[in-house]
Structures are given as C-alpha cells and as structure tokens.
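Text of my_file_7.txt (compact mmCIF, C-alpha atoms) as supplied:
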# COMPACT_ATOMS: atom_id res chain seq x y z
CA MET A 1189 0.00 0.00 0.00
CA SER A 1190 1.36 3.40 -0.98
CA LEU A 1191 1.92 5.74 1.94
CA SER A 1192 2.00 8.93 -0.11
CA GLY A 1193 -1.79 9.26 0.02
CA PRO A 1194 -2.16 9.16 3.83
CA ILE A 1195 0.88 11.39 4.31
CA ALA A 1196 -0.49 14.02 1.94
CA ALA A 1197 -3.95 13.82 3.51
CA ILE A 1198 -2.60 14.21 7.05
CA ALA A 1199 -0.42 17.14 5.97
CA THR A 1200 -3.38 18.86 4.31
CA VAL A 1201 -5.68 18.39 7.30
CA THR A 1202 -2.96 19.63 9.67
CA LEU A 1203 -2.29 22.69 7.55
CA ARG A 1204 -5.97 23.62 7.40
CA ALA A 1205 -6.37 23.11 11.15
CA LEU A 1206 -3.40 25.29 12.04
CA LEU A 1207 -4.28 28.06 9.61
CA GLY A 1208 -7.91 27.98 10.61
CA ARG A 1209 -7.28 28.88 14.23
CA ARG A 1210 -7.06 32.32 15.79
CA ARG A 1211 -3.69 31.38 17.21
CA THR A 1212 -2.26 31.88 13.72
CA LEU A 1213 -3.14 35.58 13.85
CA LEU A 1214 -1.47 35.78 17.24
CA MET A 1215 1.65 34.15 15.80
CA LEU A 1216 1.69 36.74 13.02
CA LEU A 1217 1.75 39.42 15.68
CA VAL A 1218 4.55 37.65 17.56
CA ALA A 1219 6.58 37.27 14.37
CA GLY A 1220 6.01 40.95 13.65
CA ALA A 1221 7.59 42.04 16.96
CA PRO A 1222 11.19 41.95 15.63
CA VAL A 1223 10.14 43.91 12.56
CA LEU A 1224 8.45 46.50 14.75
CA LEU A 1225 11.63 46.78 16.79
CA GLY A 1226 13.57 47.17 13.57
CA LEU A 1227 11.31 50.01 12.45
CA ILE A 1228 11.80 51.78 15.76
CA VAL A 1229 15.56 51.41 15.52
CA ARG A 1230 15.54 52.42 11.87
CA ALA A 1231 13.89 55.71 12.76
CA ASP A 1232 17.22 56.79 14.25
CA GLY A 1233 19.33 55.10 11.58
CA PRO A 1234 20.88 51.59 11.44
CA ARG A 1235 22.72 50.32 14.50
CA PRO A 1236 25.06 47.53 13.37
CA ARG A 1237 26.37 46.96 16.90
CA ALA A 1238 22.87 46.10 18.09
CA LEU A 1239 22.27 43.59 15.29
CA VAL A 1240 23.64 40.41 16.89
CA PRO A 1241 22.18 40.99 20.38
CA ALA A 1242 18.79 41.86 18.88
CA LEU A 1243 18.57 38.84 16.57
CA GLU A 1244 19.91 36.43 19.14
CA GLY A 1245 17.88 37.72 22.06
CA LEU A 1246 14.62 38.34 20.25
CA ILE A 1247 14.56 35.78 17.43
CA ILE A 1248 16.59 32.80 18.62
CA THR A 1249 15.73 32.97 22.32
CA THR A 1250 12.13 34.21 22.25
CA VAL A 1251 10.16 34.42 19.01
CA LEU A 1252 11.38 31.21 17.36
CA PRO A 1253 10.74 28.78 20.24
CA LEU A 1254 7.41 30.44 21.06
CA ILE A 1255 6.00 30.13 17.54
CA ALA A 1256 7.35 26.57 17.18
CA LEU A 1257 5.76 25.72 20.54
CA ILE A 1258 2.32 26.91 19.49
CA PHE A 1259 2.34 25.25 16.07
CA GLY A 1260 4.13 22.11 17.26
CA THR A 1261 1.81 21.34 20.16
CA ALA A 1262 -1.31 22.24 18.18
CA ALA A 1263 -0.39 20.06 15.20
CA LEU A 1264 -0.77 16.85 17.20
CA GLY A 1265 -1.77 17.67 20.76
CA SER A 1266 -5.09 19.27 19.89
CA GLU A 1267 -6.24 16.18 17.99
CA LEU A 1268 -5.14 13.83 20.76
CA ASP A 1269 -6.88 15.95 23.39
CA ASP A 1270 -10.24 16.28 21.63
CA GLY A 1271 -10.26 12.74 20.26
CA THR A 1272 -10.28 13.62 16.57
CA ALA A 1273 -7.01 11.70 16.10
CA VAL A 1274 -8.71 8.38 16.84
CA HIS A 1275 -9.70 7.75 13.23
CA ILE A 1276 -6.06 8.22 12.17
CA LEU A 1277 -4.65 6.02 14.93
CA THR A 1278 -6.99 3.16 14.00
CA LYS A 1279 -5.69 3.03 10.45
CA PRO A 1280 -3.06 0.35 9.69
CA ILE A 1281 -0.29 2.79 8.81
CA PRO A 1282 3.13 3.31 10.43
CA ARG A 1283 3.04 5.98 13.11
CA TRP A 1284 5.87 7.92 11.50
CA THR A 1285 3.49 8.66 8.63
CA ILE A 1286 1.42 10.63 11.16
CA ILE A 1287 4.30 12.32 12.95
CA VAL A 1288 6.35 13.35 9.92
CA PRO A 1289 3.71 15.29 7.93
CA LYS A 1290 2.48 17.05 11.06
CA LEU A 1291 6.05 17.91 11.98
CA LEU A 1292 6.88 19.21 8.51
CA VAL A 1293 3.75 21.37 8.41
CA ALA A 1294 4.41 22.85 11.86
CA ALA A 1295 8.07 23.47 11.01
CA ALA A 1296 7.25 25.00 7.63
CA LEU A 1297 4.70 27.39 9.13
CA THR A 1298 7.18 28.37 11.84
CA ALA A 1299 9.90 29.00 9.27
CA LEU A 1300 7.55 30.98 7.01
CA LEU A 1301 6.91 33.37 9.88
CA VAL A 1302 10.31 33.51 11.58
CA VAL A 1303 12.74 33.59 8.64
CA PRO A 1304 11.19 36.62 6.86
CA SER A 1305 10.87 38.35 10.23
CA THR A 1306 14.58 37.73 10.86
CA LEU A 1307 15.51 39.03 7.43
CA LEU A 1308 13.46 42.22 7.71
CA ALA A 1309 14.53 42.90 11.30
CA GLY A 1310 18.17 42.34 10.39
CA ILE A 1311 18.07 44.77 7.47
CA LEU A 1312 16.19 47.40 9.46
CA ILE A 1313 18.47 47.18 12.50
CA GLY A 1314 21.85 46.53 10.91
CA GLY A 1315 21.51 48.08 7.48
CA THR A 1316 22.61 46.65 4.16
CA GLY A 1317 26.38 46.57 4.54
CA SER A 1318 28.06 43.35 3.43
CA HIS A 1319 29.03 42.38 6.97
CA GLU A 1320 25.58 43.10 8.37
CA LEU A 1321 23.86 41.20 5.57
CA GLY A 1322 26.16 38.26 6.26
CA VAL A 1323 25.12 38.30 9.91
CA THR A 1324 21.44 38.53 9.00
CA PHE A 1325 21.75 35.66 6.50
CA ALA A 1326 23.43 33.47 9.14
CA PHE A 1327 20.61 34.10 11.59
CA CYS A 1328 18.05 33.32 8.87
CA ILE A 1329 19.67 29.91 8.29
CA ALA A 1330 19.79 29.30 12.04
CA ALA A 1331 16.10 30.24 12.34
CA LEU A 1332 15.26 27.81 9.53
CA ALA A 1333 17.12 24.98 11.24
CA GLY A 1334 15.64 25.87 14.61
CA SER A 1335 12.12 25.77 13.18
CA PHE A 1336 12.52 22.06 12.46
CA VAL A 1337 14.33 21.06 15.65
CA TYR A 1338 12.02 22.97 17.99
CA SER A 1339 8.93 21.71 16.16
CA ALA A 1340 10.18 18.14 16.54
CA ILE A 1341 10.64 18.67 20.28
CA PHE A 1342 7.15 20.07 20.76
CA ILE A 1343 5.50 17.43 18.57
CA ALA A 1344 7.25 14.79 20.69
CA LEU A 1345 6.02 16.43 23.89
CA SER A 1346 2.47 16.42 22.52
CA SER A 1347 2.72 12.70 21.79
CA ALA A 1348 3.91 12.03 25.34
CA THR A 1349 1.66 14.24 27.46
CA SER A 1350 -1.50 16.30 27.33
CA ARG A 1351 0.44 19.11 29.03
CA GLY A 1352 2.78 19.58 26.10
CA LEU A 1353 2.13 23.32 25.87
CA VAL A 1354 2.92 23.98 29.54
CA ILE A 1355 5.95 21.70 29.62
CA GLY A 1356 7.21 23.12 26.34
CA LEU A 1357 6.90 26.65 27.67
CA ALA A 1358 8.82 25.69 30.81
CA TYR A 1359 11.46 23.99 28.66
CA SER A 1360 11.89 27.10 26.52
CA LEU A 1361 12.04 29.52 29.43
CA ILE A 1362 13.95 27.50 32.01
CA TRP A 1363 16.18 25.10 30.11
CA GLU A 1364 16.89 27.00 26.91
CA GLY A 1365 16.61 30.42 28.48
CA VAL A 1366 18.57 29.92 31.72
CA LEU A 1367 20.07 26.55 32.60
CA ALA A 1368 21.59 25.57 29.26
CA GLY A 1369 23.68 28.71 29.22
CA ALA A 1370 24.70 28.59 32.87
CA LEU A 1371 25.65 24.97 33.57
CA PRO A 1372 28.87 23.58 32.01
CA GLY A 1373 28.30 20.81 29.48
CA THR A 1374 24.59 21.45 29.05
CA GLN A 1375 25.22 23.33 25.81
CA LEU A 1376 25.49 19.98 24.04
CA PHE A 1377 21.78 19.47 24.75
CA SER A 1378 20.64 23.01 23.94
CA VAL A 1379 18.95 23.87 20.66
CA ARG A 1380 19.82 27.52 21.21
CA GLU A 1381 23.50 26.57 21.39
CA TYR A 1382 23.19 24.55 18.19
CA LEU A 1383 21.80 27.62 16.46
CA ARG A 1384 24.57 29.79 17.89
CA GLY A 1385 27.03 27.31 16.45
CA ILE A 1386 25.38 27.56 13.02
CA VAL A 1387 25.62 31.36 13.14
CA SER A 1388 29.26 31.20 14.22
CA VAL A 1389 30.11 29.06 11.18
CA ILE A 1390 27.97 30.70 8.50
CA GLY A 1391 28.22 34.32 9.68
CA PRO A 1392 31.20 36.63 9.29
CA HIS A 1393 34.16 35.91 11.53
CA GLY A 1394 33.53 36.94 15.12
CA THR A 1395 29.74 37.17 14.81
CA LEU A 1396 29.21 34.77 17.72
CA THR A 1397 31.30 32.40 19.76
CA SER A 1398 29.88 28.97 20.47
CA ILE A 1399 31.11 25.96 22.38
CA VAL A 1400 29.72 23.55 19.80
CA GLY A 1401 30.89 25.60 16.81
CA GLY A 1402 30.48 23.84 13.48
CA GLN A 1403 29.14 20.76 15.24
CA GLY A 1404 25.95 22.72 15.77
CA ILE A 1405 24.79 21.76 12.27
CA LEU A 1406 25.40 18.06 12.91
CA LEU A 1407 23.91 18.18 16.41
CA ALA A 1408 20.77 19.91 15.13
CA ALA A 1409 20.33 17.28 12.41
CA VAL A 1410 20.87 14.39 14.82
CA ALA A 1411 18.48 15.91 17.36
CA PHE A 1412 15.81 16.34 14.69
CA VAL A 1413 16.05 12.71 13.54
CA VAL A 1414 16.26 11.18 17.02
CA ILE A 1415 13.37 13.21 18.41
CA THR A 1416 11.20 12.40 15.39
CA ILE A 1417 11.86 8.69 15.89
CA LEU A 1418 11.07 8.93 19.60
CA ALA A 1419 7.82 10.76 18.85
CA SER A 1420 6.82 8.02 16.40
CA LEU A 1421 7.58 5.30 18.93
CA ARG A 1422 5.62 7.13 21.60
CA LEU A 1423 2.61 7.37 19.30
CA GLU A 1424 2.78 3.62 18.83
CA ARG A 1425 2.42 3.25 22.59
CA PHE A 1426 -0.43 5.75 22.63
CA GLU A 1427 -2.43 3.53 20.26
CA ILE A 1428 -1.81 0.42 22.37
CA ARG A 1429 -2.89 2.16 25.55
CA GLY A 1430 -5.99 3.49 23.77
CA ALA A 1431 -6.87 0.00 22.67
CA GLU A 1432 -6.40 -1.34 26.15
Translate this structure into structure tokens?
Amino acid sequence: MSLSGPIAAIATVTLRALLGRRRTLLMLLVAGAPVLLGLIVRADGPRPRALVPALEGLIITTVLPLIALIFGTAALGSELDDGTAVHILTKPIPRWTIIVPKLLVAAALTALLVVPSTLLAGILIGGTGSHELGVTFAFCIAALAGSFVYSAIFIALSSATSRGLVIGLAYSLIWEGVLAGALPGTQLFSVREYLRGIVSVIGPHGTLTSIVGGQGILLAAVAFVVITILASLRLERFEIRGAE
C-alpha cells in the first residue's frame, strides 16, 4: 500500500487546522515584533552593533521557540486531546506517517513566519552593509534549522503528554533560556546553542562564539532525527494504551 496518500492527507488536514485557528493571527503578531523593533531602531538610523544581540535575544531565544511551541503542540496535541485523532490512529499505517507530515507542516509554518521576520529585522536594524547582511543571513539559516528542531521537540512532547504546551513553555524559558547557558556541558543538549554554532560558522568571523561551533549543524540534524523517531515510537504506545 502506498503511503503517499495518507501522508499528503494528514499534511493537508494539519495545515488547514493550524491556519484555521485564531492562534495563527497571534503568531503573526509575535513574528512581527522583531520587525516593529527594527522600524523603531531604523527611525534613528541603522545600529550595526545592536544587530547580533537583537537577533539572538529576540529571534533565537524568544520568538522562534514560542512560535514553534504553538504550532508544534497544536499540530498533534489538539487532535489527541479532543479525540479527533482516533480515526487516524486506528488506520493500519506506520506511526511515522502521522508524525512526519504534522512535523513538517508545523516546522514549515514556523519557518515561514520567523525567517522573513529575521531578514526584515536584520536589514532594518543593521543596514545593508556586506558584513551586516552576512550576519542577517546566518541568523536566517539558524532560524530555519531551529524551526525544524524545535517543532520536533514540541510534537514529541504532545505525543507524550497532554500538558505539552505547559511543559514546552517551561522547557523554553527555564532550560533553553537559563540553565543551558549557565551549567557547564549542558550546551550539548541546547537547541539555542546549536543555532549559535550555526551562526558562528555561517556568519562573518567573530559574529558569535559557540562551544559547539560547526558541530551545531550536525547536532541539530541528529536531534531532529532522534526526536522524530522517539515521537513516532511514543505514538505507537499511545495507540496500544488506547486499545487497552
């Protein structure tokens, strides 16, 4: 049996569900915050020295994980909570064919909001000099990668618990926001540090320093694959428990 049909159908249903909710409008407003900041800064002229702190603090640390959290938990968690996922779980298809399309839709929507916001904010804040554009481009690539890794994390949380939104918010604020940067060795398990590593490699020399450096690209890819597999395995268990 071809799996392309169910995958496409699940992706389409997920896309319609996410775009049909008022939370999408809220995410547009959240994604617009960096652009608004850029417009305010631009009123006084570009400030290249503020570019890296602004993009790292606002995009990588705040806007990106928040938008991925909302889309990621809604893509699967809402259906599991209200019971509409039952008809999908009863079908004889591998569970990864449910996780993967939902993950890709959530990640794509996150990237479609965050990457353009990063680009516009970077140009408004830093200007269009070659160095500043290089920094902005590096953060855009990091935001793209982060959209997929963060979405995978929040999809996995939704498959494991009905409190995925709350736990995901705590994870973003406490682990990624505080502990991962303060405790030695924890950077190897921090998505934010992976993204810093990507910026440090792709961006102009001296843009950012990162403990993981170029390994950030590899670590982000490995994290994405491993978490996706774990989410698929957890959904298998969800079906068994439902049947019991």
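The interatomic distance for the pair atom CA of Gly1385 of chain A and atom CA of Ser1398 of chain A works out to 5.2 Å.
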What is the atom CA of Ala1221 of chain A-atom CA of Ser1318 of chain A distance in Å, reported with one decimal? 24.6 Å
Work out how far atom CA of Leu1423 of chain A is from atom CA of Ala1330 of chain A, in Å to one decimal.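 A separation of 28.8 Å between them.
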Which of these residues is nearest to Ala1231 of chain A, using all atoms listed in the file: A:Val1303, A:Leu1264, A:Ile1313, A:Val1251?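 Selected residue with least distance to Ala1231 of chain A: A:Ile1313.
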Considering all atoms listed in the file, return as a PyMOL selection string whatever protein or nucleic-acid residues lie within 9 Å of segment 1234-1236 of chain A, sequence-local ones (same chain, fewer than 5 positions apart) excluded. chain A and resi 1226+1229+1311-1317+1320
Residues near segment 1285-1289 of chain A, anyone? I mean within 7 Å using all atoms listed in the file, not counting same-chain ones fewer than 5 positions away, as an MDAnalysis selection string. chainID A and resid 1195 1198:1199 1420
Output C-alpha atoms of each residue in that selection to a file, as a short mmCIF file (atom, residue, chain, number, x, y, z; two decimals), keeping the file's coordinate frame.
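Final output, saved to part_20.cif:
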data_model
loop_
_atom_site.label_atom_id
_atom_site.label_comp_id
_atom_site.auth_asym_id
_atom_site.auth_seq_id
_atom_site.Cartn_x
_atom_site.Cartn_y
_atom_site.Cartn_z
CA ILE A 1195 0.88 11.39 4.31
CA ILE A 1198 -2.60 14.21 7.05
CA ALA A 1199 -0.42 17.14 5.97
CA SER A 1420 6.82 8.02 16.40
#
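Remark: for Leu1246 of chain A, the closest of the candidate residues A:Gly1356, A:Gly1233, A:Gly1220, A:Gly1260 is A:Gly1220 (distances computed over only C-alpha atoms).
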Closest of A:Ile1362, A:Leu1418, A:Leu1383, A:Ala1331 to Ser1347 of chain A - atom-to-atom distances counting all atoms listed in the file: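 Selected residue with least distance to Ser1347 of chain A: A:Leu1418.
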Do you know which residues are at most 8 Å from Phe1327 of chain A counting only C-alpha atoms, after dropping those on the same chain fewer than 6 positions away, and could you put them as a PDB file with C-alpha atoms, in the coordinates of the input?
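Below you can see part.pdb, which holds the result:
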ATOM      1  CA  LEU A1243      18.570  38.840  16.570  1.00  0.00           C
ATOM      2  CA  GLU A1244      19.910  36.430  19.140  1.00  0.00           C
ATOM      3  CA  THR A1306      14.580  37.730  10.860  1.00  0.00           C
ATOM      4  CA  VAL A1387      25.620  31.360  13.140  1.00  0.00           C
ATOM      5  CA  GLY A1391      28.220  34.320   9.680  1.00  0.00           C
TER       6      GLY A1391
END
Neighbourhood query: residues within 9 Å of (8.8, 21.5, 10.3), file coordinates, counting all atoms listed in the file; return as a list in words.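 The residues that fall inside the cut-off are Ala1256, Gly1260, Val1288, Pro1289, Lys1290, Leu1291, Leu1292, Val1293, Ala1294, Ala1295, Ala1296, Leu1297, Thr1298, Ala1299, Ser1335, Phe1336, Val1337, Tyr1338, Ser1339 and Ala1340 of chain A.
You can rank A:Val1302, A:Leu1371, A:Ala1238, A:Ile1399 by their closest distance to Val1323 of chain A using all atoms listed in the file, and at the top of that list sits A:Ala1238.
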Selected residue, from A:Thr1374, A:Thr1349, A:Thr1261, A:Thr1212, that lies nearest to Leu1301 of chain A when counting only C-alpha atoms: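 Of A:Thr1374, A:Thr1349, A:Thr1261, A:Thr1212, the one nearest Leu1301 of chain A, counting only C-alpha atoms, is A:Thr1212.
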List every protein, DNA or RNA residue that has an atom no more than 6 Å from (20.3, 21.9, 9.9) in the file's coordinate frame, counting all atoms listed in the file, and report them as a list in words.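 Checking each residue against the 6 Å limit leaves Ala1333, Ile1405, Ala1408 and Ala1409 of chain A.
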Quick one: residues within 7 Å of Arg1380 of chain A, all atoms listed in the file, excluding same-chain residues fewer than 3 positions away - as a PyMOL selection string? chain A and resi 1248-1249+1364+1383-1384
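The smallest atom-to-atom distance between Val1201 of chain A and any of A:Thr1324, A:Ala1263, A:Val1410, A:Gly1394, using all atoms listed in the file, is found for A:Ala1263.
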Contacts of Leu1361 of chain A at 12 Å (only C-alpha atoms; same-chain gap of 3+ positions) as a PyMOL selection string: chain A and resi 1249-1251+1253-1254+1257+1354-1358+1364-1369+1380
